[in-house]
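The structure under discussion appears below in the form of structure tokens.
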Amino acid sequence: MKNKCLVTFILLDLLGHPIKNAKYQIKNGNNLIAEGLTNSKGAIVDISRDKGVVLDVYFQNILNQMQLISRVCLEKSHAIVKLYSPSVLIKTQLREKGKTGQYSRKTYKVKKGDTLLKISKDTNCKIEEIQIINKIKDANKISEGQILKLPLNKVNNGEPKKVNNSPNINNKVAIKDNHDDKDDHWFGTIVKAPDWMPDISADKIYNHIKDQILNSTAPELKNMNAESQDTGNPKQNISNYKPSVIFPFKVKPINDIDGELSNYYWGAKLNDTNASMAIFGRNRSGNRKHAGRDLYSNCKPVSKAESGFEVVAIASGKVIASQGFYLQTNQVSIRHKTDDGREFVIRYGELDPKSITLKVGDPVKQGQILGKTGVMKNKNGPAAIPIAGKTAHNVSMLHFEYFTGNGFSLDDASNLTIKEHGLYSRRDDVADPLAILLEGYRNSFDLQLPQTTSQKSIGNRIPISNLTTSANARLFIQEWEGKYLTPDGQGTYYYDDSKGYCTIGWGHLVGQSSCKALGKKALKDFISISQAKTYFEEDVLKHEAYVKKAIQVPLYQYEFDALVSLAFNIGNIAIKAPNLCKLINESNYKDGPKEMLDINKITVNGKKVPDLGLTKRRNSEYQLFIKGTYDARH
């Protein structure tokens, strides 16, 4: 696991108080790694990713927007990072007249003769706290009648709790320690680790400090079968942490983004071009909307219809319903409570009745098998599900519904379906389960490509021979290249690119002539999505080889990915971008990528002029190279 980093984030306000229930997202470029709410200690616990990966940490601000507050490069095996944010949205219970809320926010009206010193003494608050909250730059400039906010202090028996200031830190964090490269862990200035024996492994130190911060009981530290950290072979178990949520399948559904039925992608949004009947909120017959998301497990002719994948519990909980659903399938509804304190109900629908053994009241553990996806049947046998390009096929699927409990009991499953309003009517707390499915997906199926155990980094960069194009880079390139889909989503049209050359799929060059000259009708003739994917993978390998031949020095994964994207667009970078290759091969990682920014011109009337689209792409690739940001928005 020495190529992995395990990190815990702690979110604090400017006064050093933990901010709980703050909505967060952690991304690697455009790839969502995790999302949810911070726990009671303001923590996001145990995010594990490959070294060299850059994580962007977002929190919801007071405008309900996800705001980037930190960018963290994972360069050490373990890290605990404190983040400070003055503008995250937290749901606090204010003190009302006659009631004692959990938190109180007081104000003070400045009177004649008041000074901040006098106000701080009268209110038992620090001057610095009052200045920070009210954005007062000059402590001598307050005016009579001015309303000052006072620190949000935890109430303890009616008395405000005194707080200490914590130093603000720069939230642009690189998890590294240049003082001693032998110590493959980084804990900043949060807690000074005890002066333990040198053969205590980094993961034990990490867990001990994490438990101190989260006010848990620190584990007993025993030096049993633990080799010295100096040897580079510590006994570590970084990957055995328990995620809050997992995916309900043990394998990816066949309507995954690259699956057999990708045009019915379960994770699409309503305004996406690949939105389908499988997603939440999609219009259905009878003036209704789809109440869940469907995860497909197999698609077979009606005559061969059969049950599909095993369905597992995404978190621990208790069964509140186990009964019939519709079309001769069953459902299991579970009240879940995650380790980070979230509570909700999941209805696992369209299960094979014979595969279910659970009954109401049974406890369920995360990962426990609930049953298998079933076969929907009508009176004549297995039902035919309308699937583009397939005739009389049945799809075995999991129908996944999410109930928040907002305004309803989480222990009552009797009204999940409002029977008097029809079979498809749901109670008002039904919500889109996309976020929780994505969280589980990323916890169950790590999108980062594995790195070989034989890698030896130079300055944490990886030898070029050990690098391959990442999954993130593939998505990044596809976003920039684009494609022209047929109306049914099953194929991609031939088209002429900006140079007038015939192209298909994601930028696959058919020939250096127009489609018409090559006997193809642009935006009429097409190939299958499957064939387009084959061409794309061949093109990735081809341009990856250009990069490996042109560059001899080690690179971070995201640096390599940026060069592959560049090559995919311009061709052999050794020929098309010699200055860039020369500088990078001199280990000039700062100036080398700047050469990308000049490769943005096209010929117009015999003159080279900047092209807006190429300028945007070059800047995006440059940002990827220097920051690890997979952002293909344009």
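The chains in the structure tokens are called A, B, ... from first to last as shown; in each chain the residues are counted from 1, and the ligands are counted from 1 in the order shown.
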
Checklist entry - Residues at most 9 Å from Ile573 (chain A), counting only C-alpha atoms, excluding those fewer than 5 positions away in the same chain, as a PyMOL selection string? => result chain A and resi 543+546-547+550+563+566-567+578+580-581

Can you spit out the residues from that selection as a PDB file, in the first residue's frame, using C-alpha atoms?
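Okay, again_15.pdb is ready:
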```pdb
ATOM      1  CA  HIS A 543      -0.771   8.873 -28.516  1.00  0.00           C
ATOM      2  CA  TYR A 546       4.123   9.213 -28.608  1.00  0.00           C
ATOM      3  CA  VAL A 547       4.475  10.653 -25.095  1.00  0.00           C
ATOM      4  CA  ALA A 550       9.279  11.777 -26.454  1.00  0.00           C
ATOM      5  CA  LEU A 563       0.651  15.336 -22.352  1.00  0.00           C
ATOM      6  CA  LEU A 566      -2.119  17.259 -25.978  1.00  0.00           C
ATOM      7  CA  ALA A 567      -0.791  14.478 -28.206  1.00  0.00           C
ATOM      8  CA  PRO A 578       9.901  19.925 -29.561  1.00  0.00           C
ATOM      9  CA  LEU A 580       8.047  21.460 -24.689  1.00  0.00           C
ATOM     10  CA  CYS A 581       9.684  18.018 -24.792  1.00  0.00           C
TER      11      CYS A 581
END
```

Checklist entry - Could you name the residues that touch Lys601 (chain A) at 12 Å or less, counting only C-alpha atoms, but leaving out those on the same chain fewer than 6 positions away, as a list of chain:residue names? => result A:Ser498, A:Ile570, A:Lys607, A:Lys608, A:Val609, A:Pro610, A:Asp611, A:Leu612, A:Gly613, A:Leu614, A:Thr615, A:Lys616, A:Arg617, A:Arg618

Checklist entry - Taking into account only C-alpha atoms, which residue in the set A:Asp631, A:Ala532, A:Ile477, A:Pro593 is nearest to Asp561 (chain A)? => result A:Ile477

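For the residues A:Arg474, A:Arg461, A:Lys390, A:Lys135, ranking by smallest atom-to-atom distance to Ala562 (chain A) using only C-alpha atoms places A:Arg474 first.
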
Next on the checklist: Using only C-alpha atoms, which protein or nucleic acid residues come within 7 Å of region 521-530 of chain A? Drop anything in the same chain fewer than 6 positions from it, and give the result as a VMD selection string.
Outcome noted: chain A and resid 490 to 496 515

Next on the checklist: Counting only C-alpha atoms, which residue out of A:Phe560, A:Lys337, A:Lys118, A:Gly29 sits closest to Ala632 (chain A)?
Outcome noted: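 Closest to Ala632 (chain A) of all the choices is A:Gly29.
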
Checklist entry - How would you write, as a list in words, the set of residues in region 234-453 of chain A that DSSP gives as helix (DSSP H, G or I)? => result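 Checking each residue of region 234-453 of chain A, the helix (DSSP H, G or I) ones are Ile238, Ser239, Asn240, Ser262, Asn263, Tyr264, Val302, Ser303, Lys304, Pro353, Lys354, Ser355, Lys419, Glu420, His421, Leu434, Ala435, Ile436, Leu437, Leu438, Glu439, Gly440, Tyr441, Arg442, Asn443 and Ser444 of chain A.
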
Can you pull out every residue from region 408-556 of chain A that DSSP, working from the backbone, puts in strand (DSSP E or B), and format the result as a PDB file with N, CA and C atoms, in the first residue's frame?
```pdb
ATOM      1  N   THR A 417     -45.351   3.832  -0.262  1.00  0.00           N
ATOM      2  CA  THR A 417     -46.254   3.925  -1.409  1.00  0.00           C
ATOM      3  C   THR A 417     -47.612   4.392  -0.894  1.00  0.00           C
ATOM      4  N   ARG A 426     -45.678   7.977  -4.315  1.00  0.00           N
ATOM      5  CA  ARG A 426     -44.745   7.893  -3.192  1.00  0.00           C
ATOM      6  C   ARG A 426     -44.990   9.030  -2.206  1.00  0.00           C
ATOM      7  N   VAL A 430     -39.571  11.221  -0.726  1.00  0.00           N
ATOM      8  CA  VAL A 430     -38.782  10.493  -1.709  1.00  0.00           C
ATOM      9  C   VAL A 430     -37.872  11.491  -2.420  1.00  0.00           C
ATOM     10  N   ALA A 431     -36.620  11.110  -2.648  1.00  0.00           N
ATOM     11  CA  ALA A 431     -35.633  12.027  -3.234  1.00  0.00           C
ATOM     12  C   ALA A 431     -34.725  11.259  -4.188  1.00  0.00           C
ATOM     13  N   ILE A 458      11.026   9.324  -8.356  1.00  0.00           N
ATOM     14  CA  ILE A 458      12.097  10.296  -8.158  1.00  0.00           C
ATOM     15  C   ILE A 458      11.426  11.601  -7.799  1.00  0.00           C
ATOM     16  N   ARG A 461       7.707  11.590  -8.341  1.00  0.00           N
ATOM     17  CA  ARG A 461       7.244  11.356  -9.707  1.00  0.00           C
ATOM     18  C   ARG A 461       7.519   9.900 -10.091  1.00  0.00           C
ATOM     19  N   ILE A 462       6.808   9.449 -11.103  1.00  0.00           N
ATOM     20  CA  ILE A 462       6.834   8.032 -11.471  1.00  0.00           C
ATOM     21  C   ILE A 462       7.567   7.862 -12.797  1.00  0.00           C
ATOM     22  N   LEU A 485     -23.831  12.016 -31.596  1.00  0.00           N
ATOM     23  CA  LEU A 485     -24.614  10.805 -31.380  1.00  0.00           C
ATOM     24  C   LEU A 485     -25.815  10.740 -32.316  1.00  0.00           C
ATOM     25  N   GLY A 491     -25.208   5.092 -31.831  1.00  0.00           N
ATOM     26  CA  GLY A 491     -24.126   5.263 -32.790  1.00  0.00           C
ATOM     27  C   GLY A 491     -23.585   6.680 -32.796  1.00  0.00           C
ATOM     28  N   THR A 492     -22.481   6.897 -33.519  1.00  0.00           N
ATOM     29  CA  THR A 492     -21.909   8.235 -33.689  1.00  0.00           C
ATOM     30  C   THR A 492     -21.744   8.505 -35.174  1.00  0.00           C
ATOM     31  N   TYR A 493     -22.088   9.724 -35.568  1.00  0.00           N
ATOM     32  CA  TYR A 493     -22.035  10.121 -36.974  1.00  0.00           C
ATOM     33  C   TYR A 493     -20.601  10.439 -37.424  1.00  0.00           C
ATOM     34  N   TYR A 495     -18.280  13.089 -39.308  1.00  0.00           N
ATOM     35  CA  TYR A 495     -18.365  14.549 -39.451  1.00  0.00           C
ATOM     36  C   TYR A 495     -17.016  15.078 -39.919  1.00  0.00           C
ATOM     37  N   ASP A 496     -17.027  16.294 -40.470  1.00  0.00           N
ATOM     38  CA  ASP A 496     -15.785  16.964 -40.868  1.00  0.00           C
ATOM     39  C   ASP A 496     -15.311  17.841 -39.722  1.00  0.00           C
ATOM     40  N   CYS A 502     -12.397  14.161 -42.391  1.00  0.00           N
ATOM     41  CA  CYS A 502     -13.454  13.252 -41.965  1.00  0.00           C
ATOM     42  C   CYS A 502     -13.075  12.581 -40.638  1.00  0.00           C
ATOM     43  N   THR A 503     -13.988  12.647 -39.686  1.00  0.00           N
ATOM     44  CA  THR A 503     -13.728  12.189 -38.314  1.00  0.00           C
ATOM     45  C   THR A 503     -14.933  11.401 -37.820  1.00  0.00           C
ATOM     46  N   ILE A 504     -14.683  10.499 -36.869  1.00  0.00           N
ATOM     47  CA  ILE A 504     -15.767   9.688 -36.299  1.00  0.00           C
ATOM     48  C   ILE A 504     -15.505   9.493 -34.807  1.00  0.00           C
ATOM     49  N   HIS A 508     -11.572  10.445 -33.816  1.00  0.00           N
ATOM     50  CA  HIS A 508     -10.819   9.466 -34.610  1.00  0.00           C
ATOM     51  C   HIS A 508     -10.783   9.908 -36.065  1.00  0.00           C
ATOM     52  N   LEU A 509      -9.582  10.142 -36.556  1.00  0.00           N
ATOM     53  CA  LEU A 509      -9.395  10.632 -37.919  1.00  0.00           C
ATOM     54  C   LEU A 509      -9.567   9.489 -38.913  1.00  0.00           C
ATOM     55  N   VAL A 510     -10.565   9.656 -39.808  1.00  0.00           N
ATOM     56  CA  VAL A 510     -10.795   8.645 -40.848  1.00  0.00           C
ATOM     57  C   VAL A 510      -9.815   8.830 -41.990  1.00  0.00           C
ATOM     58  N   GLY A 511      -9.561  10.080 -42.352  1.00  0.00           N
ATOM     59  CA  GLY A 511      -8.614  10.379 -43.416  1.00  0.00           C
ATOM     60  C   GLY A 511      -8.457  11.878 -43.578  1.00  0.00           C
ATOM     61  N   PHE A 526     -23.076   6.494 -39.983  1.00  0.00           N
ATOM     62  CA  PHE A 526     -22.611   6.380 -38.588  1.00  0.00           C
ATOM     63  C   PHE A 526     -22.036   4.993 -38.324  1.00  0.00           C
ATOM     64  N   ILE A 527     -21.358   4.886 -37.166  1.00  0.00           N
ATOM     65  CA  ILE A 527     -20.883   3.595 -36.669  1.00  0.00           C
ATOM     66  C   ILE A 527     -21.456   3.395 -35.275  1.00  0.00           C
ATOM     67  N   SER A 528     -21.337   2.200 -34.712  1.00  0.00           N
ATOM     68  CA  SER A 528     -21.873   1.908 -33.388  1.00  0.00           C
ATOM     69  C   SER A 528     -21.011   2.545 -32.302  1.00  0.00           C
ATOM     70  N   LEU A 555       7.237  11.541 -14.322  1.00  0.00           N
ATOM     71  CA  LEU A 555       6.120  12.477 -14.284  1.00  0.00           C
ATOM     72  C   LEU A 555       5.110  12.046 -13.221  1.00  0.00           C
TER      73      LEU A 555
END
```

Checklist entry - Which is closest to Ala471 (chain A) among A:Tyr558, A:Asn605, A:Tyr501, A:Ala79, if we use only C-alpha atoms? => result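 Residue with the minimum atom-to-atom distance to Ala471 (chain A): A:Tyr558.
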